[in-house]
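Okay, coords.cif is below, mmCIF, C-alpha atoms:
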```
data_upload
#
loop_
_atom_site.label_atom_id
_atom_site.label_comp_id
_atom_site.auth_asym_id
_atom_site.auth_seq_id
_atom_site.Cartn_x
_atom_site.Cartn_y
_atom_site.Cartn_z
CA PRO A 1 0.00 0.00 0.00
CA LEU A 2 0.93 3.64 -0.37
CA TRP A 3 1.57 5.10 3.05
CA PRO A 4 0.77 8.82 3.35
CA SER A 5 3.73 10.55 5.00
CA PRO A 6 2.49 13.68 6.75
CA ARG A 7 4.63 16.77 6.34
CA PRO A 8 5.97 17.84 9.76
CA ALA A 9 4.54 21.04 11.16
CA PRO A 10 6.86 24.04 11.55
CA PRO A 11 8.95 24.03 14.75
CA GLY A 12 6.87 25.01 17.74
CA ALA A 13 3.56 24.56 15.95
CA GLY A 14 0.77 22.90 17.88
CA GLN A 15 -2.98 22.63 18.09
CA SER A 16 -5.03 25.72 18.72
CA GLY A 17 -8.62 26.81 18.59
CA SER A 18 -11.75 25.76 20.41
CA ASP A 19 -11.67 22.21 19.02
CA ALA A 20 -8.23 21.43 20.44
CA PRO A 21 -8.17 19.00 23.40
CA ALA A 22 -7.53 20.53 26.79
CA ALA A 23 -3.89 21.14 27.64
CA ALA A 24 -2.21 20.60 30.99
CA PRO A 25 -3.41 22.77 33.92
CA ALA A 26 -2.60 26.44 33.41
CA GLN A 27 -0.50 26.67 36.57
CA TRP A 28 1.64 23.71 35.57
CA ARG A 29 5.00 24.04 33.80
CA PRO A 30 7.12 21.43 32.04
CA TRP A 31 9.97 20.05 34.12
CA ARG A 32 12.97 17.75 33.94
CA PHE A 33 14.50 15.64 36.70
CA ARG A 34 18.07 14.41 36.30
CA MET A 35 19.05 11.09 37.85
CA SER A 36 22.51 9.94 38.87
CA ASN A 37 22.07 6.56 37.17
CA ASP A 38 20.52 5.00 34.07
CA LEU A 39 16.76 4.84 33.71
CA TRP A 40 14.94 1.80 32.39
CA GLY A 41 11.39 0.66 31.90
CA SER A 42 8.39 2.94 31.59
CA PRO A 43 7.15 5.61 34.00
CA VAL A 44 3.99 4.91 36.03
CA VAL A 45 1.51 7.60 37.12
CA ARG A 46 -0.58 7.05 40.25
CA ALA A 47 -2.42 9.57 42.45
CA GLY A 48 -0.31 12.59 41.61
CA LEU A 49 3.06 10.82 41.69
CA LEU A 50 5.30 9.56 38.91
CA TYR A 51 7.25 6.38 39.64
CA VAL A 52 10.41 5.66 37.65
CA ASN A 53 13.17 3.08 37.94
CA SER A 54 16.80 4.24 38.07
CA PHE A 55 18.50 1.46 40.07
CA GLU A 56 16.11 2.52 42.83
CA VAL A 57 12.43 3.41 42.51
CA HIS A 58 11.95 7.20 42.60
CA ALA A 59 8.60 8.86 43.28
CA LEU A 60 8.31 12.34 41.76
CA ASP A 61 5.53 14.89 42.10
CA VAL A 62 3.83 15.13 38.70
CA THR A 63 3.25 18.88 39.06
CA THR A 64 6.62 20.11 40.31
CA GLY A 65 9.04 17.27 39.55
CA ARG A 66 10.22 17.30 43.16
CA ARG A 67 11.15 13.90 44.54
CA HIS A 68 9.02 12.57 47.37
CA PHE A 69 11.19 9.55 48.11
CA LYS A 70 13.38 6.84 46.64
CA THR A 71 14.01 3.29 47.77
CA ARG A 72 17.13 2.50 49.73
CA GLU A 73 17.54 -0.83 47.94
CA VAL A 74 18.19 -1.58 44.30
CA ALA A 75 14.98 -2.24 42.36
CA TRP A 76 15.39 -4.27 39.18
CA SER A 77 11.63 -4.46 38.72
CA MET A 78 8.59 -2.78 40.24
CA ALA A 79 4.80 -2.54 40.26
CA VAL A 80 2.52 0.02 41.88
CA THR A 81 -0.74 -1.35 43.27
CA GLY A 82 -3.13 -0.84 46.17
CA GLY A 83 -1.22 2.04 47.75
CA ARG A 84 2.09 0.18 47.67
CA VAL A 85 5.22 0.07 45.56
CA ILE A 86 6.25 -3.56 45.14
CA ALA A 87 9.85 -4.02 44.03
CA SER A 88 12.59 -6.62 43.85
CA ASP A 89 16.35 -6.37 44.14
CA GLY A 90 16.67 -9.91 42.74
CA PRO A 91 16.92 -12.23 45.75
CA SER A 92 14.16 -10.52 47.74
CA LEU A 93 10.78 -8.86 47.36
CA TYR A 94 9.77 -5.75 49.31
CA ALA A 95 6.98 -3.20 49.60
CA LEU A 96 6.85 0.51 50.41
CA ASP A 97 4.01 2.90 51.06
CA SER A 98 3.38 4.52 47.67
CA THR A 99 2.85 7.97 49.24
CA ASP A 100 5.72 8.42 51.67
CA GLY A 101 8.06 5.50 50.88
CA GLY A 102 7.71 3.97 54.32
CA ASP A 103 8.80 0.34 54.64
CA ARG A 104 5.92 -2.13 54.74
CA TRP A 105 7.51 -5.57 54.40
CA ARG A 106 10.43 -7.49 52.93
CA VAL A 107 10.65 -11.24 52.23
CA PRO A 108 13.28 -13.52 50.66
CA ALA A 109 12.39 -14.91 47.24
CA GLU A 110 12.81 -18.52 46.14
CA GLY A 111 15.44 -17.55 43.61
CA TRP A 112 16.43 -14.56 41.51
CA ILE A 113 13.30 -12.64 40.46
CA HIS A 114 13.36 -11.69 36.77
CA ALA A 115 9.70 -10.63 36.34
CA LEU A 116 7.10 -9.06 38.61
CA ARG A 117 3.41 -8.23 38.10
CA ALA A 118 0.64 -7.23 40.50
CA GLU A 119 -3.16 -6.95 40.48
CA ARG A 120 -5.97 -6.78 43.06
CA GLY A 121 -3.73 -7.26 46.06
CA THR A 122 -1.78 -10.18 44.57
CA VAL A 123 1.86 -10.02 43.48
CA VAL A 124 3.19 -12.63 41.05
CA THR A 125 6.91 -13.19 40.54
CA ALA A 126 8.94 -15.38 38.18
CA THR A 127 12.31 -16.70 39.32
CA ARG A 128 15.19 -18.14 37.33
CA GLY A 129 14.81 -21.82 36.57
CA GLY A 130 11.05 -21.79 35.95
CA GLY A 131 9.62 -20.91 39.35
CA VAL A 132 6.45 -18.83 39.81
CA GLN A 133 5.24 -17.46 43.14
CA ALA A 134 2.24 -15.47 44.35
CA TRP A 135 2.35 -13.12 47.35
CA GLU A 136 -0.11 -11.13 49.41
CA ALA A 137 0.54 -7.46 48.58
CA ALA A 138 -0.58 -6.27 52.02
CA ASN A 139 1.96 -8.19 54.12
CA GLY A 140 4.24 -10.24 51.84
CA GLU A 141 2.77 -13.60 52.80
CA ARG A 142 3.51 -16.25 50.20
CA LEU A 143 0.26 -17.60 48.81
CA TRP A 144 1.59 -20.40 46.58
CA SER A 145 4.51 -21.52 44.48
CA VAL A 146 4.81 -23.72 41.39
CA GLY A 147 7.57 -24.88 39.07
CA GLY A 148 7.70 -25.88 35.43
CA ALA A 149 7.37 -22.40 33.94
CA GLN A 150 9.50 -21.44 30.96
CA SER A 151 13.18 -20.79 31.64
CA ASP A 152 14.39 -20.22 28.06
CA PHE A 153 13.53 -16.52 28.06
CA GLU A 154 14.09 -14.83 31.41
CA ALA A 155 13.21 -11.18 31.08
CA PRO A 156 10.76 -8.73 32.66
CA ASP A 157 8.28 -9.10 29.78
CA THR A 158 8.28 -12.91 29.58
CA GLY A 159 6.98 -13.67 33.06
CA PRO A 160 3.46 -14.76 34.03
CA VAL A 161 0.50 -12.53 33.23
CA ILE A 162 -2.07 -11.73 35.92
CA GLU A 163 -5.44 -10.33 34.97
CA GLY A 164 -8.97 -10.70 36.27
CA GLY A 165 -7.86 -12.77 39.23
CA VAL A 166 -6.14 -15.37 37.02
CA VAL A 167 -2.43 -16.05 36.48
CA TYR A 168 -1.36 -17.31 33.05
CA LEU A 169 2.03 -18.95 32.62
CA TRP A 170 3.79 -20.95 29.93
CA GLY A 171 6.25 -23.81 30.30
CA GLU A 172 6.92 -27.40 29.27
CA GLY A 173 4.95 -26.82 26.08
CA GLN A 174 1.75 -25.77 27.82
CA VAL A 175 -0.09 -22.62 28.81
CA ARG A 176 -1.64 -22.91 32.27
CA ALA A 177 -4.29 -20.79 33.98
CA LEU A 178 -4.19 -20.66 37.80
CA GLU A 179 -6.42 -18.93 40.32
CA ALA A 180 -4.39 -15.96 41.48
CA ARG A 181 -5.20 -16.29 45.18
CA THR A 182 -5.06 -20.07 45.60
CA GLY A 183 -2.83 -21.32 42.79
CA ARG A 184 -5.48 -23.88 41.83
CA GLU A 185 -5.04 -24.94 38.23
CA MET A 186 -8.10 -24.06 36.18
CA TRP A 187 -6.89 -25.50 32.87
CA ARG A 188 -3.89 -26.13 30.64
CA HIS A 189 -3.51 -26.15 26.86
CA HIS A 190 -0.72 -27.66 24.81
CA VAL A 191 1.04 -25.16 22.52
CA GLY A 192 4.37 -26.90 21.92
CA ASP A 193 7.87 -26.45 23.28
CA ALA A 194 10.33 -23.74 22.26
CA ALA A 195 11.37 -25.66 19.15
CA ALA A 196 7.77 -26.12 18.04
CA THR A 197 6.98 -22.45 18.59
CA GLY A 198 9.88 -21.18 16.53
CA GLY A 199 12.26 -20.44 19.37
CA VAL A 200 10.40 -17.29 20.45
CA PRO A 201 8.52 -16.61 23.70
CA VAL A 202 4.87 -17.54 23.90
CA ARG A 203 2.75 -14.45 24.55
CA VAL A 204 -0.52 -14.64 26.48
CA ARG A 205 -3.07 -11.85 26.69
CA PRO A 206 -6.56 -12.16 28.19
CA GLY A 207 -9.13 -10.41 26.03
CA PRO A 208 -12.74 -9.33 26.33
CA ASP A 209 -15.76 -11.62 26.06
CA GLY A 210 -14.19 -14.44 28.11
CA VAL A 211 -11.42 -15.31 25.66
CA VAL A 212 -7.65 -15.64 26.11
CA HIS A 213 -5.47 -14.97 23.08
CA ILE A 214 -2.06 -16.57 22.65
CA ALA A 215 0.77 -16.07 20.17
CA ALA A 216 2.87 -19.24 19.96
CA GLY A 217 5.46 -19.07 17.23
CA SER A 218 3.57 -18.27 14.04
CA ARG A 219 0.21 -19.45 15.41
CA VAL A 220 -2.37 -17.26 17.14
CA LEU A 221 -4.96 -19.07 19.26
CA ALA A 222 -8.18 -18.11 21.02
CA LEU A 223 -9.06 -20.17 24.10
CA ASP A 224 -12.10 -20.09 26.37
CA ALA A 225 -11.02 -18.29 29.55
CA THR A 226 -13.11 -20.59 31.76
CA ASP A 227 -11.92 -24.03 30.70
CA GLY A 228 -9.16 -23.46 28.10
CA SER A 229 -11.10 -25.11 25.29
CA PRO A 230 -10.01 -23.90 21.83
CA ARG A 231 -12.20 -21.45 19.96
CA TRP A 232 -10.02 -21.06 16.85
CA HIS A 233 -6.45 -20.72 15.62
CA PHE A 234 -4.76 -18.79 12.83
CA ASP A 235 -1.42 -19.60 11.22
CA ALA A 236 0.66 -16.64 10.04
CA PRO A 237 3.58 -17.09 7.61
CA ALA A 238 6.10 -15.65 10.10
CA ALA A 239 6.67 -15.68 13.86
CA VAL A 240 4.52 -13.39 15.97
CA LEU A 241 6.62 -11.73 18.67
CA CYS A 242 3.90 -9.65 20.33
CA PRO A 243 0.74 -10.64 22.21
CA PRO A 244 -2.49 -10.23 20.24
CA THR A 245 -4.69 -7.21 20.94
CA ALA A 246 -8.40 -8.02 21.17
CA VAL A 247 -11.07 -5.34 20.85
CA GLY A 248 -14.54 -6.31 22.02
CA GLY A 249 -17.98 -5.12 21.09
CA HIS A 250 -20.02 -5.37 17.95
CA SER A 251 -18.61 -2.29 16.22
CA GLY A 252 -16.70 -2.66 13.00
CA SER A 253 -13.37 -2.15 14.79
CA GLY A 254 -13.90 -5.17 17.04
CA GLY A 255 -11.50 -8.02 16.37
CA VAL A 256 -8.03 -9.40 17.10
CA TYR A 257 -4.98 -7.45 15.90
CA PHE A 258 -1.28 -8.34 15.83
CA ALA A 259 1.88 -8.03 13.74
CA ASP A 260 4.47 -10.64 12.79
CA HIS A 261 8.22 -10.05 12.79
CA LEU A 262 8.17 -9.13 9.09
CA GLY A 263 5.94 -6.20 10.01
CA THR A 264 2.72 -7.52 8.46
CA VAL A 265 -0.30 -6.35 10.46
CA TYR A 266 -3.31 -8.66 10.71
CA ALA A 267 -6.94 -8.19 11.69
CA LEU A 268 -8.95 -11.32 12.49
CA ASP A 269 -12.60 -11.86 13.22
CA ALA A 270 -12.92 -12.31 16.99
CA ALA A 271 -15.60 -14.99 16.68
CA ASP A 272 -13.97 -17.47 14.31
CA GLY A 273 -10.42 -16.20 13.62
CA GLY A 274 -11.16 -15.51 9.99
CA GLU A 275 -8.79 -13.07 8.33
CA ARG A 276 -10.30 -9.65 7.66
CA TRP A 277 -7.20 -7.97 6.28
CA ARG A 278 -3.42 -7.92 6.34
CA ILE A 279 -1.18 -4.96 5.54
CA PRO A 280 2.66 -4.96 5.30
CA THR A 281 4.78 -2.36 7.08
CA GLU A 282 8.50 -2.93 7.74
CA GLY A 283 10.45 -5.50 9.76
CA ARG A 284 9.37 -5.50 13.42
CA GLN A 285 11.37 -7.01 16.26
CA SER A 286 9.33 -5.38 19.02
CA ALA A 287 7.39 -7.52 21.51
CA ASP A 288 5.03 -4.61 22.24
CA PRO A 289 1.42 -5.20 21.13
CA VAL A 290 -0.25 -3.06 18.51
CA LEU A 291 -2.50 -0.36 19.95
CA VAL A 292 -6.13 0.00 18.86
CA ALA A 293 -7.91 3.23 19.84
CA ASP A 294 -10.80 5.21 18.39
CA GLY A 295 -11.07 3.00 15.32
CA LEU A 296 -7.37 3.24 14.46
CA VAL A 297 -4.52 0.72 14.73
CA HIS A 298 -1.15 2.20 15.76
CA LEU A 299 2.16 0.37 15.83
CA GLY A 300 5.83 1.13 15.66
CA SER A 301 7.72 -0.88 13.03
CA GLY A 302 11.39 -0.20 12.51
CA SER A 303 11.90 3.55 12.59
CA ALA A 304 8.34 4.60 11.78
CA MET A 305 4.92 4.87 13.38
CA TYR A 306 2.17 3.35 11.23
CA THR A 307 -1.55 3.98 11.58
CA LEU A 308 -4.29 2.03 9.79
CA ASP A 309 -8.06 2.03 9.76
CA ALA A 310 -9.15 -0.73 12.14
CA VAL A 311 -12.15 -1.76 10.04
CA SER A 312 -10.69 -1.82 6.54
CA GLY A 313 -6.92 -1.85 7.13
CA THR A 314 -6.59 1.20 4.89
CA PRO A 315 -3.28 2.94 5.62
CA ARG A 316 -3.93 6.34 7.22
CA TRP A 317 -0.40 7.65 7.68
CA ARG A 318 3.23 6.81 8.31
CA PHE A 319 5.51 9.01 10.40
CA GLY A 320 9.23 8.33 10.05
CA ALA A 321 11.62 8.98 12.93
CA GLY A 322 15.40 9.13 12.80
CA GLY A 323 15.92 5.84 14.62
CA ALA A 324 14.15 2.69 15.80
CA LEU A 325 11.00 3.31 17.82
CA VAL A 326 11.03 2.27 21.48
CA GLY A 327 8.20 0.77 23.53
CA SER A 328 4.51 1.23 22.81
CA PRO A 329 2.80 4.40 21.65
CA VAL A 330 0.35 6.09 24.01
CA VAL A 331 -2.88 7.61 22.71
CA ALA A 332 -4.67 10.31 24.71
CA ASP A 333 -6.93 13.22 23.72
CA GLY A 334 -6.48 12.61 20.02
CA ARG A 335 -2.68 12.55 20.12
CA VAL A 336 -0.14 9.75 19.76
CA HIS A 337 3.00 9.98 21.91
CA PHE A 338 6.02 7.76 21.20
CA GLY A 339 9.78 7.71 21.64
CA SER A 340 12.72 6.71 19.49
CA GLU A 341 16.36 5.78 19.66
CA ASP A 342 17.01 9.02 17.76
CA ARG A 343 16.72 10.73 21.19
CA CYS A 344 13.36 12.31 20.44
CA LEU A 345 9.91 12.11 22.00
CA TYR A 346 7.23 12.73 19.37
CA THR A 347 3.61 13.84 19.59
CA VAL A 348 1.50 13.61 16.43
CA ASP A 349 -2.17 14.02 15.65
CA ALA A 350 -3.80 10.59 15.82
CA VAL A 351 -6.00 11.11 12.75
CA SER A 352 -3.69 12.97 10.37
CA GLY A 353 -0.23 11.97 11.63
CA ARG A 354 0.82 15.61 11.54
CA LEU A 355 3.61 16.46 13.95
CA THR A 356 2.35 18.51 16.90
CA TRP A 357 5.69 18.80 18.67
CA LYS A 358 8.83 16.86 19.43
CA LEU A 359 11.45 17.05 22.16
CA GLU A 360 15.07 16.17 21.52
CA THR A 361 16.76 14.77 24.63
CA GLY A 362 20.35 13.79 25.27
CA GLY A 363 19.81 10.06 24.77
CA ALA A 364 17.48 7.40 23.41
CA ILE A 365 14.00 7.34 24.90
CA THR A 366 13.61 4.31 27.20
CA GLY A 367 10.39 2.35 27.54
CA SER A 368 6.97 3.76 26.73
CA PRO A 369 5.80 7.25 27.65
CA ALA A 370 2.89 7.81 30.05
CA ALA A 371 0.08 10.32 29.60
CA ALA A 372 -2.28 11.70 32.25
CA ASN A 373 -4.29 14.88 32.85
CA GLY A 374 -2.93 16.76 29.84
CA MET A 375 0.67 15.80 30.58
CA VAL A 376 3.07 13.30 29.02
CA PHE A 377 6.05 11.78 30.81
CA ALA A 378 9.07 10.02 29.34
CA CYS A 379 12.47 8.69 30.40
CA SER A 380 15.69 9.08 28.43
CA ALA A 381 19.11 7.47 28.39
CA ASP A 382 20.49 10.92 29.24
CA HIS A 383 19.49 10.09 32.87
CA CYS A 384 16.55 12.53 32.76
CA VAL A 385 12.81 12.19 33.33
CA TYR A 386 10.76 14.67 31.28
CA ALA A 387 7.27 16.02 32.03
CA LEU A 388 5.71 17.94 29.15
CA ASP A 389 2.47 19.61 28.16
CA ALA A 390 0.76 16.97 26.00
CA ALA A 391 -0.62 19.60 23.63
CA ARG A 392 2.33 22.01 23.48
CA GLY A 393 5.45 20.15 24.58
CA THR A 394 7.76 22.60 26.32
CA ARG A 395 5.83 25.66 25.12
CA ILE A 396 4.25 27.74 27.87
CA SER A 397 2.29 30.92 27.43
CA SER A 398 3.87 33.37 29.88
CA SER A 399 6.03 32.00 32.65
CA PRO A 400 9.73 31.71 33.44
CA ALA A 401 11.86 28.78 32.38
CA ALA A 402 10.75 25.40 33.67
CA PRO A 403 12.58 24.06 36.74
CA SER A 404 15.08 21.24 36.38
CA PRO A 405 15.42 19.55 39.76
CA ALA A 406 18.45 17.30 40.07
CA ASP A 407 18.97 14.03 41.88
CA GLY A 408 21.43 14.43 44.68
#
```
Would you put the structure from the file into structure tokens?
Amino acid sequence: PLWPSPRPAPPGAGQSGSDAPAAAPAQWRPWRFRMSNDLWGSPVVRAGLLYVNSFEVHALDVTTGRRHFKTREVAWSMAVTGGRVIASDGPSLYALDSTDGGDRWRVPAEGWIHALRAERGTVVTATRGGGVQAWEAANGERLWSVGGAQSDFEAPDTGPVIEGGVVYLWGEGQVRALEARTGREMWRHHVGDAAATGGVPVRVRPGPDGVVHIAAGSRVLALDATDGSPRWHFDAPAAVLCPPTAVGGHSGSGGVYFADHLGTVYALDAADGGERWRIPTEGRQSADPVLVADGLVHLGSGSAMYTLDAVSGTPRWRFGAGGALVGSPVVADGRVHFGSEDRCLYTVDAVSGRLTWKLETGGAITGSPAAANGMVFACSADHCVYALDAARGTRISSSPAAPSPADG
């Protein structure tokens, strides 16, 4: 297909007029916080605080950029849930009060924790060698522990998934669903070992309408969330590295969307897995899922952001950056925010792809940006956390230069 390439707006140009989405609060100004160490992962916004990982977890005020607290221990992974920051330094798991950083509990793990997720008061960890554990978020009590999970790919994004009170894990050729609080096995489904699935991680993503979607090598499956019985499967010509994205409802944009590693984007019928359309982009090594919002499909492939019509697959626009895109895009208030290894954070109009603003930092953007209340937050390899006006970037109407607090 011919991909429209929107012409970038002049420097400093942005949306204006009565139809423009609301900007950040008038009294708020963009800020930057410099860390002493590298940043990794994506920022998390909760209740007026921004949590970022830079060897320790740092909690910054979203309005001023001032730091409320940081952990005393190293934090290789973290989750924020139920008024607590749950983090791991590898051999142990600990919790802090998410408001003041006060210690809540600390427990030894059953091995080195390489992945951590949390939901509804339950923390799930994956340890090297195929172990999976569940913990009570309130006090650190271990709820259950199992073995046999995958140990071929030990990374933060390959651990168990917890959603809707169910933990999904893959290992020994099977996907298993366990009750999050008890560890009781609800079902298991054979998907094949690493050799059978093309030597890539199996990706599991619960979807709407009581269905779990799985990418296993070049096959995408839909299973009943209650008993694991198969609904349908679809075989792509190339390995699928990202979890499928399912959109519910009876609108035309409902369906299952994913991309393979060649960059071909697929839309399947949610009921029977029938192919609705497929559109090529460029080679895609990212494990981040495609994003479907407001009838549009957004994904980063190579060094460009691609947007298609969710119903027809018609290409809407392509925006090329100067380097590989990083993480997932974020859509809010009609804008798409995304970062690149070219050191820039971009904001473009979701419908037209026209550049609204961009910020050049001193290093590659790390992880995905976060957007909330008219603000967008991003981390960079230049050791800085950036908070920007989602509509204007660093532009402010009439105020002095934005503060740049520094990490001592």
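For segment 70-78 of chain A, the list of residues within 7 Å, based on all atoms listed in the file and with local chain neighbours fewer than 3 positions off taken out, reads Phe55, Glu56, Val57, His58, Ala59, Val85, Ile86, Ala87, Ser88, Asp89, Gly90, Gly101, Ala115 and Leu116 of chain A.
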Dump C-alpha atoms for the selected residues as a PDB file, in the coordinates of the input?
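File result.pdb, as written:
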```pdb
ATOM      1  CA  PHE A  55      18.500   1.460  40.070  1.00  0.00           C
ATOM      2  CA  GLU A  56      16.110   2.520  42.830  1.00  0.00           C
ATOM      3  CA  VAL A  57      12.430   3.410  42.510  1.00  0.00           C
ATOM      4  CA  HIS A  58      11.950   7.200  42.600  1.00  0.00           C
ATOM      5  CA  ALA A  59       8.600   8.860  43.280  1.00  0.00           C
ATOM      6  CA  VAL A  85       5.220   0.070  45.560  1.00  0.00           C
ATOM      7  CA  ILE A  86       6.250  -3.560  45.140  1.00  0.00           C
ATOM      8  CA  ALA A  87       9.850  -4.020  44.030  1.00  0.00           C
ATOM      9  CA  SER A  88      12.590  -6.620  43.850  1.00  0.00           C
ATOM     10  CA  ASP A  89      16.350  -6.370  44.140  1.00  0.00           C
ATOM     11  CA  GLY A  90      16.670  -9.910  42.740  1.00  0.00           C
ATOM     12  CA  GLY A 101       8.060   5.500  50.880  1.00  0.00           C
ATOM     13  CA  ALA A 115       9.700 -10.630  36.340  1.00  0.00           C
ATOM     14  CA  LEU A 116       7.100  -9.060  38.610  1.00  0.00           C
TER      15      LEU A 116
END
```
List, as a ChimeraX atom specification, every residue that the PyMOL selection byres ((chain A and resi 349) around 10) selects in the file provided. /A:14-15,331,333-337,347-348,350-357,391
Carefully work through the PyMOL selection byres ((chain A and resi 110) around 8) for this structure and note down the residues it includes, as a list in words. Pro91, Pro108, Ala109, Gly111, Trp112, Thr127 and Gly131 of chain A
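Interatomic distance, atom CA of Ile113 of chain A to atom CA of Gln150 of chain A: 13.5 Å.
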For this structure, which residues satisfy the selection - the PyMOL selection byres ((chain A and resi 37) around 8) - when it is evaluated on the file as given? I want them as a PyMOL selection string. chain A and resi 35-36+38-39+54-55+383
Might you pull out every residue within 9 Å of segment 66-68 of chain A, with all atoms listed in the file counted and same-chain residues fewer than 2 positions away left off, and present them as an MDAnalysis selection string? chainID A and resid 33 49 58:64 70 99:101 405:407
What separation in Å, quoted to one decimal, exists between atom CA of Ala196 of chain A and atom CA of Arg128 of chain A? 22.2 Å
Find the spatial neighbours of segment 226-233 of chain A, counting only C-alpha atoms, within a cut-off of 12 Å - ignore same-chain residues fewer than 3 positions away - and output them as a ChimeraX atom specification. /A:164,166,168,174-179,185-191,206,209-216,218-223,236,256,268-275
Same residues, C-alpha atoms, output as a compact mmCIF listing (two decimals), in the coordinates of the input:
```txt
# COMPACT_ATOMS: atom_id res chain seq x y z
CA GLY A 164 -8.97 -10.70 36.27
CA VAL A 166 -6.14 -15.37 37.02
CA TYR A 168 -1.36 -17.31 33.05
CA GLN A 174 1.75 -25.77 27.82
CA VAL A 175 -0.09 -22.62 28.81
CA ARG A 176 -1.64 -22.91 32.27
CA ALA A 177 -4.29 -20.79 33.98
CA LEU A 178 -4.19 -20.66 37.80
CA GLU A 179 -6.42 -18.93 40.32
CA GLU A 185 -5.04 -24.94 38.23
CA MET A 186 -8.10 -24.06 36.18
CA TRP A 187 -6.89 -25.50 32.87
CA ARG A 188 -3.89 -26.13 30.64
CA HIS A 189 -3.51 -26.15 26.86
CA HIS A 190 -0.72 -27.66 24.81
CA VAL A 191 1.04 -25.16 22.52
CA PRO A 206 -6.56 -12.16 28.19
CA ASP A 209 -15.76 -11.62 26.06
CA GLY A 210 -14.19 -14.44 28.11
CA VAL A 211 -11.42 -15.31 25.66
CA VAL A 212 -7.65 -15.64 26.11
CA HIS A 213 -5.47 -14.97 23.08
CA ILE A 214 -2.06 -16.57 22.65
CA ALA A 215 0.77 -16.07 20.17
CA ALA A 216 2.87 -19.24 19.96
CA SER A 218 3.57 -18.27 14.04
CA ARG A 219 0.21 -19.45 15.41
CA VAL A 220 -2.37 -17.26 17.14
CA LEU A 221 -4.96 -19.07 19.26
CA ALA A 222 -8.18 -18.11 21.02
CA LEU A 223 -9.06 -20.17 24.10
CA ALA A 236 0.66 -16.64 10.04
CA VAL A 256 -8.03 -9.40 17.10
CA LEU A 268 -8.95 -11.32 12.49
CA ASP A 269 -12.60 -11.86 13.22
CA ALA A 270 -12.92 -12.31 16.99
CA ALA A 271 -15.60 -14.99 16.68
CA ASP A 272 -13.97 -17.47 14.31
CA GLY A 273 -10.42 -16.20 13.62
CA GLY A 274 -11.16 -15.51 9.99
CA GLU A 275 -8.79 -13.07 8.33
```
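Interatomic distance, atom CA of Pro4 of chain A against atom CA of Gly313 of chain A: 13.7 Å.
With distances taken over all atoms listed in the file, A:Ala267 is the one residue among A:Ala267, A:Val204, A:Val240, A:Val292 lying closest to Gly255 of chain A.
For the residues A:Ser301, A:Ser151, A:Thr158, A:Thr81, ranking by smallest atom-to-atom distance to Gly171 of chain A using all atoms listed in the file places A:Ser151 first.
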Taking all atoms of segment 48-57 of chain A that the file lists, what box with edges along x, y and z, padded by 6 Å per side, do you get, with centre and edge lengths in Å to one decimal, as lines of an AutoDock Vina configuration file?
```
center_x = 9.1
center_y = 7.0
center_z = 40.2
size_x = 30.8
size_y = 23.1
size_z = 17.2
```
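Among A:Gly148, A:Gly129, A:Pro30, A:Gly173, the residue with the shortest atom-to-atom distance to Leu359 of chain A, counting all atoms listed in the file, is A:Pro30.
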Contacts of Gly121 of chain A at 10 Å or less, counting only C-alpha atoms, minus same-chain residues fewer than 2 places along, as a VMD selection string? chain A and resid 81 to 84 118 to 119 123 135 to 139 165 180 to 181
Output file for the residues above (C-alpha atoms, as a PDB file, keeping the file's coordinate frame):
```pdb
ATOM      1  CA  THR A  81      -0.740  -1.350  43.270  1.00  0.00           C
ATOM      2  CA  GLY A  82      -3.130  -0.840  46.170  1.00  0.00           C
ATOM      3  CA  GLY A  83      -1.220   2.040  47.750  1.00  0.00           C
ATOM      4  CA  ARG A  84       2.090   0.180  47.670  1.00  0.00           C
ATOM      5  CA  ALA A 118       0.640  -7.230  40.500  1.00  0.00           C
ATOM      6  CA  GLU A 119      -3.160  -6.950  40.480  1.00  0.00           C
ATOM      7  CA  VAL A 123       1.860 -10.020  43.480  1.00  0.00           C
ATOM      8  CA  TRP A 135       2.350 -13.120  47.350  1.00  0.00           C
ATOM      9  CA  GLU A 136      -0.110 -11.130  49.410  1.00  0.00           C
ATOM     10  CA  ALA A 137       0.540  -7.460  48.580  1.00  0.00           C
ATOM     11  CA  ALA A 138      -0.580  -6.270  52.020  1.00  0.00           C
ATOM     12  CA  ASN A 139       1.960  -8.190  54.120  1.00  0.00           C
ATOM     13  CA  GLY A 165      -7.860 -12.770  39.230  1.00  0.00           C
ATOM     14  CA  ALA A 180      -4.390 -15.960  41.480  1.00  0.00           C
ATOM     15  CA  ARG A 181      -5.200 -16.290  45.180  1.00  0.00           C
TER      16      ARG A 181
END
```
I'd like a table as JSON lines: residues in segment 295-397 of chain A with an atom no more than 7 Å from segment 43-48 of chain A, each row giving the shortest atom pair and its distance in Å to one decimal, all atoms listed in the file counted, sorted by chain and rising residue number.
```
{"residue": "A:Pro369", "atom": "CA", "partner": "A:Pro43", "partner_atom": "CA", "distance": 6.7}
{"residue": "A:Ala370", "atom": "CA", "partner": "A:Pro43", "partner_atom": "CA", "distance": 6.2}
{"residue": "A:Ala378", "atom": "CA", "partner": "A:Pro43", "partner_atom": "CA", "distance": 6.7}
```
Of the candidates A:Val200, A:Ala293, A:Leu325, A:Ala126, which one gets nearest to Ala155 of chain A if we count all atoms listed in the file? A:Ala126
In terms of the shortest atom-to-atom distance over all atoms listed in the file, which of A:Gly362, A:Gly367, A:Leu169, A:Arg117 is closest to Cys384 of chain A? A:Gly362
